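S.K.: Take a look at entry_39.cif, mmCIF, C-alpha atoms and all ligand atoms:
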data_data
loop_
_atom_site.label_atom_id
_atom_site.label_comp_id
_atom_site.auth_asym_id
_atom_site.auth_seq_id
_atom_site.Cartn_x
_atom_site.Cartn_y
_atom_site.Cartn_z
CA MET M 1 218.90 257.70 177.18
CA PHE M 2 215.61 259.65 177.26
CA GLN M 3 216.31 261.30 180.63
CA TYR M 4 219.72 262.43 179.48
CA ILE M 5 218.31 264.03 176.31
CA ILE M 6 215.36 265.60 178.18
CA ASP M 7 217.70 267.26 180.70
CA GLU M 8 220.06 268.40 177.98
CA ILE M 9 217.41 270.01 175.75
CA PHE M 10 215.55 271.53 178.70
CA TYR M 11 218.61 273.45 179.87
CA GLU M 12 219.64 274.28 176.33
CA VAL M 13 216.28 275.98 175.62
CA LYS M 14 216.16 277.62 179.06
CA LYS M 15 219.52 279.27 178.35
CA LEU M 16 218.30 280.67 175.02
CA ASP M 17 215.94 283.11 176.78
CA LEU M 18 213.41 283.02 173.91
CA LYS M 19 210.78 285.74 173.84
CA GLY M 20 207.01 285.47 173.53
CA LYS M 21 203.77 286.62 175.14
CA GLN M 22 201.03 284.97 177.17
CA ALA M 23 197.57 284.79 175.57
CA GLU M 24 196.35 288.15 176.76
CA TYR M 25 192.93 287.93 175.13
CA ILE M 26 191.96 285.47 177.89
CA PRO M 27 192.66 287.55 181.05
CA GLU M 28 193.18 284.49 183.28
CA LEU M 29 195.91 283.14 180.97
CA ALA M 30 197.76 286.47 181.02
CA LYS M 31 198.28 285.96 184.78
CA VAL M 32 200.29 282.73 184.42
CA SER M 33 203.99 283.18 185.22
CA PRO M 34 205.98 283.59 181.99
CA GLU M 35 208.87 281.67 183.58
CA LYS M 36 207.01 278.35 183.73
CA PHE M 37 208.61 275.68 181.62
CA ALA M 38 208.19 271.91 181.67
CA VAL M 39 208.61 268.85 179.48
CA SER M 40 207.51 265.23 179.96
CA LEU M 41 208.00 262.25 177.67
CA PHE M 42 205.98 259.06 178.11
CA ASP M 43 207.34 256.01 176.27
CA LEU M 44 205.38 252.92 175.32
CA SER M 45 207.12 250.90 178.03
CA GLY M 46 205.23 253.08 180.53
CA ASN M 47 208.14 255.26 181.70
CA THR M 48 207.97 259.03 182.15
CA TYR M 49 211.05 261.21 181.72
CA GLU M 50 210.71 264.87 182.62
CA ALA M 51 212.24 268.21 183.61
CA GLY M 52 211.05 271.61 184.91
CA ASP M 53 207.70 272.64 186.40
CA THR M 54 206.08 269.26 185.90
CA ASN M 55 203.81 269.53 188.97
CA ASP M 56 202.02 272.63 187.67
CA LYS M 57 198.79 272.21 185.79
CA PHE M 58 197.90 274.48 182.87
CA SER M 59 194.74 274.77 180.79
CA LEU M 60 194.94 272.65 177.69
CA GLN M 61 192.99 275.09 175.50
CA SER M 62 193.10 273.88 171.89
CA ILE M 63 194.97 270.68 172.77
CA ALA M 64 191.69 269.47 174.26
CA LYS M 65 190.04 269.82 170.84
CA VAL M 66 191.76 266.55 169.96
CA PHE M 67 189.91 264.79 172.81
CA ALA M 68 186.51 266.19 171.80
CA PHE M 69 187.17 265.13 168.21
CA THR M 70 188.27 261.67 169.38
CA MET M 71 185.04 261.23 171.32
CA ALA M 72 182.90 262.42 168.39
CA TYR M 73 184.83 260.22 165.91
CA ARG M 74 184.35 257.23 168.19
CA ILE M 75 180.59 257.86 168.34
CA LYS M 76 179.91 258.91 164.75
CA GLY M 77 182.59 257.09 162.76
CA LYS M 78 183.23 258.62 159.34
CA GLU M 79 179.87 260.46 159.51
CA ILE M 80 181.72 263.08 161.55
CA PHE M 81 183.29 264.30 158.32
CA ARG M 82 179.87 265.51 157.19
CA ARG M 83 180.27 268.15 159.91
CA VAL M 84 183.98 269.03 159.65
CA GLY M 85 186.59 268.68 156.93
CA VAL M 86 190.19 267.44 157.01
CA GLU M 87 191.96 270.24 155.15
CA PRO M 88 194.52 272.53 156.77
CA SER M 89 193.18 276.07 157.01
CA GLY M 90 196.41 278.03 156.59
CA ASN M 91 194.66 280.70 158.65
CA PRO M 92 194.69 281.78 162.30
CA PHE M 93 192.81 279.44 164.65
CA ASN M 94 189.96 281.90 165.22
CA SER M 95 189.62 283.25 161.68
CA LEU M 96 186.14 284.01 160.32
CA MET M 97 187.02 284.77 156.72
CA GLN M 98 187.37 281.27 155.32
CA LEU M 99 184.26 280.11 157.15
CA GLU M 100 182.21 282.77 155.40
CA GLN M 101 183.67 281.85 152.01
CA GLU M 102 183.02 278.16 152.58
CA ASN M 103 179.37 278.45 153.64
CA GLY M 104 179.90 277.74 157.31
CA PHE M 105 181.59 274.35 156.84
CA PRO M 106 184.73 274.27 159.03
CA ARG M 107 187.93 273.13 157.34
CA ASN M 108 189.03 270.77 160.15
CA PRO M 109 188.24 269.86 163.78
CA LEU M 110 191.32 271.59 165.23
CA ILE M 111 190.52 275.20 164.37
CA ASN M 112 187.96 276.93 166.61
CA ALA M 113 185.10 276.70 164.10
CA GLY M 114 185.68 272.94 163.69
CA ALA M 115 185.92 272.32 167.43
CA LEU M 116 182.70 274.28 167.97
CA ALA M 117 180.99 272.08 165.35
CA VAL M 118 182.36 268.98 167.15
CA CYS M 119 180.91 270.30 170.44
CA ASP M 120 177.58 270.76 168.66
CA VAL M 121 177.73 267.09 167.58
CA LEU M 122 178.50 266.00 171.15
CA ILE M 123 175.53 267.99 172.46
CA ASP M 124 173.30 266.23 169.92
CA GLU M 125 174.65 262.80 170.80
CA LEU M 126 175.08 262.87 174.59
CA LYS M 127 172.54 263.08 177.38
CA HIS M 128 174.93 264.93 179.72
CA PRO M 129 177.55 266.39 177.36
CA GLU M 130 179.66 268.23 179.92
CA ARG M 131 179.82 265.35 182.38
CA GLN M 132 180.32 262.68 179.72
CA LEU M 133 183.05 264.64 177.95
CA LEU M 134 184.94 265.05 181.23
CA GLU M 135 184.46 261.36 182.02
CA PHE M 136 185.83 260.50 178.59
CA ILE M 137 188.93 262.65 179.12
CA ARG M 138 189.42 261.04 182.55
CA LEU M 139 189.13 257.63 180.95
CA ILE M 140 191.79 258.22 178.30
CA ALA M 141 193.97 259.99 180.89
CA GLN M 142 193.46 257.06 183.27
CA ASN M 143 193.07 259.72 185.95
CA GLN M 144 189.90 260.58 187.88
CA HIS M 145 191.35 263.87 189.16
CA ILE M 146 191.41 265.63 185.80
CA THR M 147 188.96 268.54 185.81
CA PHE M 148 187.99 271.95 184.42
CA ASN M 149 189.56 275.17 185.69
CA ASN M 150 186.57 277.30 186.61
CA SER M 151 188.30 280.69 186.55
CA VAL M 152 189.78 280.06 183.11
CA TYR M 153 186.37 278.91 181.91
CA LEU M 154 184.66 282.03 183.26
CA SER M 155 187.39 284.33 182.00
CA GLU M 156 187.08 283.07 178.45
CA LYS M 157 183.31 282.99 178.56
CA GLU M 158 183.33 286.67 179.40
CA THR M 159 185.68 287.71 176.62
CA GLY M 160 185.19 285.16 173.83
CA TYR M 161 183.72 287.48 171.23
CA ARG M 162 185.22 285.72 168.25
CA ASN M 163 183.98 282.28 169.18
CA ARG M 164 180.49 283.71 169.56
CA ALA M 165 180.87 285.25 166.12
CA LEU M 166 182.05 281.94 164.65
CA ILE M 167 179.03 280.04 166.01
CA ASN M 168 176.60 282.72 164.92
CA LEU M 169 178.09 282.70 161.44
CA MET M 170 177.75 278.91 161.26
CA LYS M 171 174.21 279.14 162.60
CA SER M 172 173.36 281.54 159.79
CA PHE M 173 174.42 278.79 157.34
CA GLY M 174 172.54 276.12 159.31
CA THR M 175 175.71 274.18 160.21
CA ILE M 176 175.17 274.36 164.00
CA HIS M 177 172.05 272.81 165.54
CA ASN M 178 172.13 273.87 169.18
CA SER M 179 171.95 277.29 170.82
CA THR M 180 175.01 279.54 170.73
CA GLU M 181 175.13 279.53 174.56
CA LYS M 182 175.05 275.74 174.88
CA VAL M 183 177.81 275.20 172.31
CA LEU M 184 180.00 277.98 173.70
CA ASP M 185 179.63 276.64 177.19
CA LEU M 186 180.78 273.12 176.32
CA TYR M 187 183.63 274.49 174.21
CA TYR M 188 184.92 276.75 177.01
CA LYS M 189 184.67 273.93 179.54
CA LEU M 190 186.69 271.76 177.16
CA CYS M 191 189.38 274.43 176.68
CA SER M 192 189.70 274.93 180.44
CA VAL M 193 190.56 271.29 181.22
CA GLU M 194 193.85 271.24 183.13
CA MET M 195 196.75 268.81 183.22
CA ASN M 196 200.44 268.89 183.97
CA THR M 197 202.89 267.82 181.27
CA GLY M 198 203.22 264.27 182.65
CA GLU M 199 199.46 263.76 182.61
CA LEU M 200 199.19 265.21 179.12
CA ALA M 201 201.99 263.05 177.70
CA LYS M 202 200.39 259.93 179.18
CA THR M 203 196.96 260.88 177.80
CA PHE M 204 198.42 261.52 174.34
CA SER M 205 200.08 258.09 174.33
CA LEU M 206 196.68 256.91 173.01
CA TYR M 207 197.70 258.33 169.61
CA ALA M 208 201.13 256.70 169.76
CA ASN M 209 199.57 253.37 170.77
CA GLU M 210 197.19 252.68 167.84
CA GLY M 211 194.17 254.04 169.71
CA ASN M 212 194.61 251.82 172.77
CA ILE M 213 194.79 253.32 176.27
CA TYR M 214 198.26 252.43 177.50
CA GLY M 215 198.33 249.54 179.99
CA THR M 216 194.69 248.57 179.36
CA ASN M 217 192.86 246.62 176.70
CA LYS M 218 190.60 249.56 175.96
CA GLN M 219 190.52 250.42 172.28
CA ILE M 220 189.22 253.99 171.96
CA LEU M 221 189.79 254.52 168.24
CA THR M 222 190.51 251.83 165.65
CA LYS M 223 194.01 251.65 164.22
CA SER M 224 192.79 253.36 161.06
CA GLN M 225 190.94 256.11 162.97
CA THR M 226 194.07 256.75 165.03
CA LYS M 227 196.17 257.03 161.89
CA ARG M 228 193.67 259.53 160.51
CA THR M 229 193.55 261.54 163.73
CA ASN M 230 197.34 261.76 163.64
CA ALA M 231 197.15 262.85 160.00
CA ILE M 232 194.78 265.67 160.97
CA MET M 233 197.12 266.73 163.80
CA GLN M 234 200.07 266.69 161.43
CA THR M 235 198.40 268.88 158.83
CA CYS M 236 196.15 271.06 161.02
CA GLY M 237 197.44 270.98 164.61
CA PHE M 238 199.29 274.31 164.43
CA TYR M 239 196.96 276.31 162.17
CA ASP M 240 198.95 278.60 159.89
CA GLU M 241 202.16 277.21 161.37
CA ALA M 242 201.42 273.52 160.67
CA GLY M 243 204.00 273.51 157.89
CA GLU M 244 206.64 275.08 160.10
CA PHE M 245 206.00 272.59 162.92
CA THR M 246 206.18 269.66 160.51
CA PHE M 247 209.35 271.08 158.98
CA ARG M 248 211.11 271.68 162.30
CA VAL M 249 209.71 268.92 164.54
CA GLY M 250 208.21 266.35 162.17
CA LEU M 251 205.59 264.83 164.50
CA PRO M 252 201.79 264.96 164.65
CA GLY M 253 200.87 267.28 167.50
CA LYS M 254 198.57 269.93 168.87
CA SER M 255 199.19 273.27 170.53
CA GLY M 256 197.05 275.41 172.83
CA VAL M 257 197.16 279.06 173.84
CA GLY M 258 197.76 277.95 177.43
CA GLY M 259 201.30 277.34 176.15
CA GLY M 260 201.11 273.57 175.95
CA ILE M 261 202.06 271.36 173.01
CA ALA M 262 201.52 267.61 172.85
CA ALA M 263 203.00 265.45 170.11
CA VAL M 264 203.45 261.76 169.34
CA HIS M 265 205.86 259.49 167.57
CA PRO M 266 203.52 256.59 166.69
CA GLY M 267 204.77 253.31 168.13
CA LYS M 268 207.38 255.04 170.28
CA TYR M 269 206.37 257.86 172.63
CA ALA M 270 204.18 260.86 173.45
CA VAL M 271 205.67 264.13 174.63
CA ALA M 272 204.14 267.22 176.26
CA VAL M 273 205.76 270.61 176.80
CA TRP M 274 204.57 273.79 178.45
CA SER M 275 205.74 277.38 178.41
CA PRO M 276 203.09 280.16 178.32
CA LEU M 277 205.14 282.40 176.03
CA LEU M 278 203.52 282.27 172.59
CA ASN M 279 204.60 283.43 169.16
CA ARG M 280 202.31 285.48 166.91
CA LYS M 281 200.57 282.34 165.65
CA GLY M 282 199.57 281.31 169.19
CA ASN M 283 202.09 278.48 169.55
CA SER M 284 204.56 278.10 172.45
CA VAL M 285 207.97 279.41 171.44
CA LYS M 286 210.00 277.28 173.86
CA GLY M 287 207.70 274.35 173.24
CA MET M 288 208.43 274.33 169.53
CA LYS M 289 212.15 274.77 170.12
CA ILE M 290 212.46 271.96 172.64
CA LEU M 291 210.54 269.56 170.39
CA GLU M 292 212.73 270.49 167.45
CA LEU M 293 215.80 269.65 169.55
CA LEU M 294 214.21 266.43 170.82
CA THR M 295 213.50 264.97 167.40
CA THR M 296 216.87 266.18 166.09
CA LYS M 297 218.82 264.60 168.95
CA LEU M 298 216.84 261.35 168.89
CA GLY M 299 217.37 261.13 165.15
CA TRP M 300 214.14 259.15 164.68
CA SER M 301 211.67 260.26 162.05
CA ILE M 302 208.21 259.29 160.90
CA PHE M 303 209.09 260.44 157.39
N1 LIG W 1 190.05 278.69 174.03
C1 LIG W 1 190.86 279.26 173.02
C2 LIG W 1 189.99 280.05 172.04
O1 LIG W 1 188.92 279.62 171.74
C3 LIG W 1 191.60 278.17 172.31
C4 LIG W 1 192.51 278.70 171.24
C5 LIG W 1 193.83 277.95 171.14
O2 LIG W 1 194.28 277.32 172.10
N2 LIG W 1 194.50 278.10 170.03
O3 LIG W 1 190.35 281.08 171.57
#
Here is a file; write its structure as structure tokens.
Ligand code: GLN
M.R.:
Amino acid sequence: MFQYIIDEIFYEVKKLDLKGKQAEYIPELAKVSPEKFAVSLFDLSGNTYEAGDTNDKFSLQSIAKVFAFTMAYRIKGKEIFRRVGVEPSGNPFNSLMQLEQENGFPRNPLINAGALAVCDVLIDELKHPERQLLEFIRLIAQNQHITFNNSVYLSEKETGYRNRALINLMKSFGTIHNSTEKVLDLYYKLCSVEMNTGELAKTFSLYANEGNIYGTNKQILTKSQTKRTNAIMQTCGFYDEAGEFTFRVGLPGKSGVGGGIAAVHPGKYAVAVWSPLLNRKGNSVKGMKILELLTTKLGWSIF
């Protein structure tokens, strides 16, 4: 049944010829072919169903914020919420305004300010933050080949003026402990991690599987922590479009400016889509459409 629906919605969205733009503010992302389009669904019986450019890897960008948060939540438990909140921001992912008004305390871990604060926590807690974060992502992906994309990392490092501003603003309020350079570096490495849609769907199955890595006995988050992580994705995963995504798709998920979106139906499946064409809010246009069709055609709902 899944393969039939995946093929059907893939061709339906392809035919629509939806418009959008690559993330031009990161020069390396602007070079990715606008035609790329892929979808993979991983169910909790261990099967993958997919269509399109599923062999191509893309940089996860903000999707990877979920992995950094997961690692920090696992280490710090509920203490992590002393460093980031759980409220949707209703603002663009890289907005400075709210952060200034709220004394440098980021609203949630999925906007840039929150993910930068999470990276700061990881630097405090880990001996080799970069290596250990990558090892953690490889562990939950069950894949030793996952790695950073160096040119995307360098490209963003060169042009990431807003992220530098966000950290410096937080530093002025005392809400970041480590140097701007150290935090930025870990954050850009995180954003540059690459996967294809099949790898991403499998990695996200953690959040559909009560915090357990599929096919292992490794519990990464408790059942309650997983529920809460999904709640944060549901309310904050798409920034000022979180309402729209919930309204149209109805699943917890996370987008990235690389054009990827990953989402889960707890207890059932994880799905990843990729098309680099973004709307004005930085979310993949085809990605949102295909997920809307998926949940409509399946007729299952978490609500
Ligand atoms: N690396 C990107 C940035 O910091 C991530 C943004 C995103 O994917 N929404 O701007």
S.K.: Would you mind telling me which residue in M:Phe303, M:Phe93, M:Phe69, M:Phe204 lies nearest to Val271 (chain M) when using only C-alpha atoms?
M.R.: M:Phe204
S.K.: Hey, which residues sit close to ligand LIG 1 (chain W)? Say within 10 Å, counting all atoms listed in the file, and write them as number ranges by chain.
M.R.: M: 23, 25-26, 59-65, 92-94, 110-113, 115-116, 152-153, 156-157, 159-164, 184, 187-192, 237-239, 254-261, 281-283
S.K.: Considering all atoms listed in the file, state which residue in the set M:Val121, M:Ala272, M:Met233, M:Val32 is at the smallest distance from Leu200 (chain M).
M.R.: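 Answer, going by the shortest atom-to-atom distance: M:Ala272.
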S.K.: Find the residues around Asp7 (chain M) up to 10 Å (only C-alpha atoms counted), leave out those fewer than 4 positions away in its own chain, and share them as a list in words.
M.R.: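 What passes the distance filter is Phe2, Gln3, Tyr11, Glu12, Val39, Tyr49, Glu50, Ala51 and Gly52 of chain M.
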S.K.: I'd like to know which of M:Ala117, M:Met288, M:Leu154, M:Leu278 is closest to Leu251 (chain M), using all atoms listed in the file.
M.R.: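 Smallest distance to Leu251 (chain M) is found for M:Met288.
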S.K.: Would you please work out which residue, of M:Leu277, M:Tyr269, M:Gly253, M:Arg107, is nearest to Gly90 (chain M) when using only C-alpha atoms?
M.R.: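 Residue with the minimum atom-to-atom distance to Gly90 (chain M): M:Arg107.
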S.K.: Take region 237-248 of chain M, model all heavy atoms, and hand the result over as a PDB file, in the coordinates of the input.
M.R.:
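What landed in selection_34.pdb:
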ATOM      1  N   GLY M 237     197.294 270.781 163.168  1.00  0.00           N
ATOM      2  CA  GLY M 237     197.440 270.980 164.610  1.00  0.00           C
ATOM      3  C   GLY M 237     198.024 272.324 165.022  1.00  0.00           C
ATOM      4  O   GLY M 237     197.910 272.722 166.176  1.00  0.00           O
ATOM      5  N   PHE M 238     198.642 273.037 164.074  1.00  0.00           N
ATOM      6  CA  PHE M 238     199.290 274.310 164.430  1.00  0.00           C
ATOM      7  C   PHE M 238     198.811 275.449 163.527  1.00  0.00           C
ATOM      8  O   PHE M 238     199.524 276.427 163.311  1.00  0.00           O
ATOM      9  CB  PHE M 238     200.826 274.149 164.392  1.00  0.00           C
ATOM     10  CG  PHE M 238     201.296 273.152 165.425  1.00  0.00           C
ATOM     11  CD1 PHE M 238     201.198 271.794 165.184  1.00  0.00           C
ATOM     12  CD2 PHE M 238     201.775 273.574 166.651  1.00  0.00           C
ATOM     13  CE1 PHE M 238     201.568 270.863 166.159  1.00  0.00           C
ATOM     14  CE2 PHE M 238     202.152 272.664 167.628  1.00  0.00           C
ATOM     15  CZ  PHE M 238     202.040 271.305 167.375  1.00  0.00           C
ATOM     16  N   TYR M 239     197.610 275.261 162.973  1.00  0.00           N
ATOM     17  CA  TYR M 239     196.960 276.310 162.170  1.00  0.00           C
ATOM     18  C   TYR M 239     197.864 276.769 161.025  1.00  0.00           C
ATOM     19  O   TYR M 239     198.348 275.941 160.250  1.00  0.00           O
ATOM     20  CB  TYR M 239     196.534 277.490 163.047  1.00  0.00           C
ATOM     21  CG  TYR M 239     196.114 277.078 164.426  1.00  0.00           C
ATOM     22  CD1 TYR M 239     196.871 277.352 165.552  1.00  0.00           C
ATOM     23  CD2 TYR M 239     194.935 276.344 164.586  1.00  0.00           C
ATOM     24  CE1 TYR M 239     196.474 276.936 166.807  1.00  0.00           C
ATOM     25  CE2 TYR M 239     194.536 275.925 165.840  1.00  0.00           C
ATOM     26  CZ  TYR M 239     195.309 276.230 166.947  1.00  0.00           C
ATOM     27  OH  TYR M 239     194.927 275.813 168.179  1.00  0.00           O
ATOM     28  N   ASP M 240     198.140 278.079 160.984  1.00  0.00           N
ATOM     29  CA  ASP M 240     198.950 278.600 159.890  1.00  0.00           C
ATOM     30  C   ASP M 240     200.445 278.418 160.164  1.00  0.00           C
ATOM     31  O   ASP M 240     201.282 279.043 159.510  1.00  0.00           O
ATOM     32  CB  ASP M 240     198.610 280.070 159.582  1.00  0.00           C
ATOM     33  CG  ASP M 240     198.429 280.926 160.813  1.00  0.00           C
ATOM     34  OD1 ASP M 240     198.289 280.371 161.923  1.00  0.00           O
ATOM     35  OD2 ASP M 240     198.433 282.156 160.684  1.00  0.00           O
ATOM     36  N   GLU M 241     200.753 277.540 161.128  1.00  0.00           N
ATOM     37  CA  GLU M 241     202.160 277.210 161.370  1.00  0.00           C
ATOM     38  C   GLU M 241     202.347 275.684 161.306  1.00  0.00           C
ATOM     39  O   GLU M 241     203.352 275.149 161.777  1.00  0.00           O
ATOM     40  CB  GLU M 241     202.593 277.749 162.737  1.00  0.00           C
ATOM     41  CG  GLU M 241     204.058 278.068 162.793  1.00  0.00           C
ATOM     42  CD  GLU M 241     204.459 278.897 163.993  1.00  0.00           C
ATOM     43  OE1 GLU M 241     203.936 278.681 165.093  1.00  0.00           O
ATOM     44  OE2 GLU M 241     205.327 279.768 163.826  1.00  0.00           O
ATOM     45  N   ALA M 242     201.355 274.989 160.742  1.00  0.00           N
ATOM     46  CA  ALA M 242     201.420 273.520 160.670  1.00  0.00           C
ATOM     47  C   ALA M 242     202.599 273.080 159.803  1.00  0.00           C
ATOM     48  O   ALA M 242     203.271 272.078 160.104  1.00  0.00           O
ATOM     49  CB  ALA M 242     200.111 272.969 160.129  1.00  0.00           C
ATOM     50  N   GLY M 243     202.870 273.835 158.754  1.00  0.00           N
ATOM     51  CA  GLY M 243     204.000 273.510 157.890  1.00  0.00           C
ATOM     52  C   GLY M 243     205.315 273.665 158.632  1.00  0.00           C
ATOM     53  O   GLY M 243     206.190 272.796 158.592  1.00  0.00           O
ATOM     54  N   GLU M 244     205.427 274.774 159.337  1.00  0.00           N
ATOM     55  CA  GLU M 244     206.640 275.080 160.100  1.00  0.00           C
ATOM     56  C   GLU M 244     206.901 274.007 161.174  1.00  0.00           C
ATOM     57  O   GLU M 244     208.030 273.554 161.359  1.00  0.00           O
ATOM     58  CB  GLU M 244     206.469 276.462 160.760  1.00  0.00           C
ATOM     59  CG  GLU M 244     207.617 276.931 161.622  1.00  0.00           C
ATOM     60  CD  GLU M 244     208.743 277.591 160.839  1.00  0.00           C
ATOM     61  OE1 GLU M 244     208.550 277.840 159.637  1.00  0.00           O
ATOM     62  OE2 GLU M 244     209.804 277.841 161.447  1.00  0.00           O
ATOM     63  N   PHE M 245     205.848 273.596 161.868  1.00  0.00           N
ATOM     64  CA  PHE M 245     206.000 272.590 162.920  1.00  0.00           C
ATOM     65  C   PHE M 245     206.425 271.252 162.307  1.00  0.00           C
ATOM     66  O   PHE M 245     207.308 270.563 162.814  1.00  0.00           O
ATOM     67  CB  PHE M 245     204.696 272.427 163.719  1.00  0.00           C
ATOM     68  CG  PHE M 245     204.867 271.551 164.938  1.00  0.00           C
ATOM     69  CD1 PHE M 245     205.426 272.056 166.104  1.00  0.00           C
ATOM     70  CD2 PHE M 245     204.482 270.211 164.910  1.00  0.00           C
ATOM     71  CE1 PHE M 245     205.605 271.240 167.237  1.00  0.00           C
ATOM     72  CE2 PHE M 245     204.653 269.398 166.033  1.00  0.00           C
ATOM     73  CZ  PHE M 245     205.212 269.915 167.191  1.00  0.00           C
ATOM     74  N   THR M 246     205.811 270.899 161.190  1.00  0.00           N
ATOM     75  CA  THR M 246     206.180 269.660 160.510  1.00  0.00           C
ATOM     76  C   THR M 246     207.621 269.741 160.026  1.00  0.00           C
ATOM     77  O   THR M 246     208.400 268.785 160.162  1.00  0.00           O
ATOM     78  CB  THR M 246     205.218 269.400 159.333  1.00  0.00           C
ATOM     79  OG1 THR M 246     203.910 269.195 159.872  1.00  0.00           O
ATOM     80  CG2 THR M 246     205.610 268.182 158.532  1.00  0.00           C
ATOM     81  N   PHE M 247     207.999 270.875 159.514  1.00  0.00           N
ATOM     82  CA  PHE M 247     209.350 271.080 158.980  1.00  0.00           C
ATOM     83  C   PHE M 247     210.398 270.993 160.089  1.00  0.00           C
ATOM     84  O   PHE M 247     211.430 270.350 159.939  1.00  0.00           O
ATOM     85  CB  PHE M 247     209.378 272.466 158.321  1.00  0.00           C
ATOM     86  CG  PHE M 247     210.653 272.786 157.608  1.00  0.00           C
ATOM     87  CD1 PHE M 247     210.926 272.248 156.361  1.00  0.00           C
ATOM     88  CD2 PHE M 247     211.582 273.657 158.175  1.00  0.00           C
ATOM     89  CE1 PHE M 247     212.095 272.561 155.692  1.00  0.00           C
ATOM     90  CE2 PHE M 247     212.761 273.972 157.521  1.00  0.00           C
ATOM     91  CZ  PHE M 247     213.013 273.416 156.276  1.00  0.00           C
ATOM     92  N   ARG M 248     210.104 271.629 161.222  1.00  0.00           N
ATOM     93  CA  ARG M 248     211.110 271.680 162.300  1.00  0.00           C
ATOM     94  C   ARG M 248     211.061 270.491 163.244  1.00  0.00           C
ATOM     95  O   ARG M 248     212.087 270.040 163.737  1.00  0.00           O
ATOM     96  CB  ARG M 248     210.930 272.979 163.113  1.00  0.00           C
ATOM     97  CG  ARG M 248     211.457 274.198 162.373  1.00  0.00           C
ATOM     98  CD  ARG M 248     211.135 275.500 163.092  1.00  0.00           C
ATOM     99  NE  ARG M 248     211.467 275.455 164.501  1.00  0.00           N
ATOM    100  CZ  ARG M 248     211.106 276.376 165.403  1.00  0.00           C
ATOM    101  NH1 ARG M 248     210.393 277.418 165.014  1.00  0.00           N
ATOM    102  NH2 ARG M 248     211.448 276.272 166.653  1.00  0.00           N
TER     103      ARG M 248
END
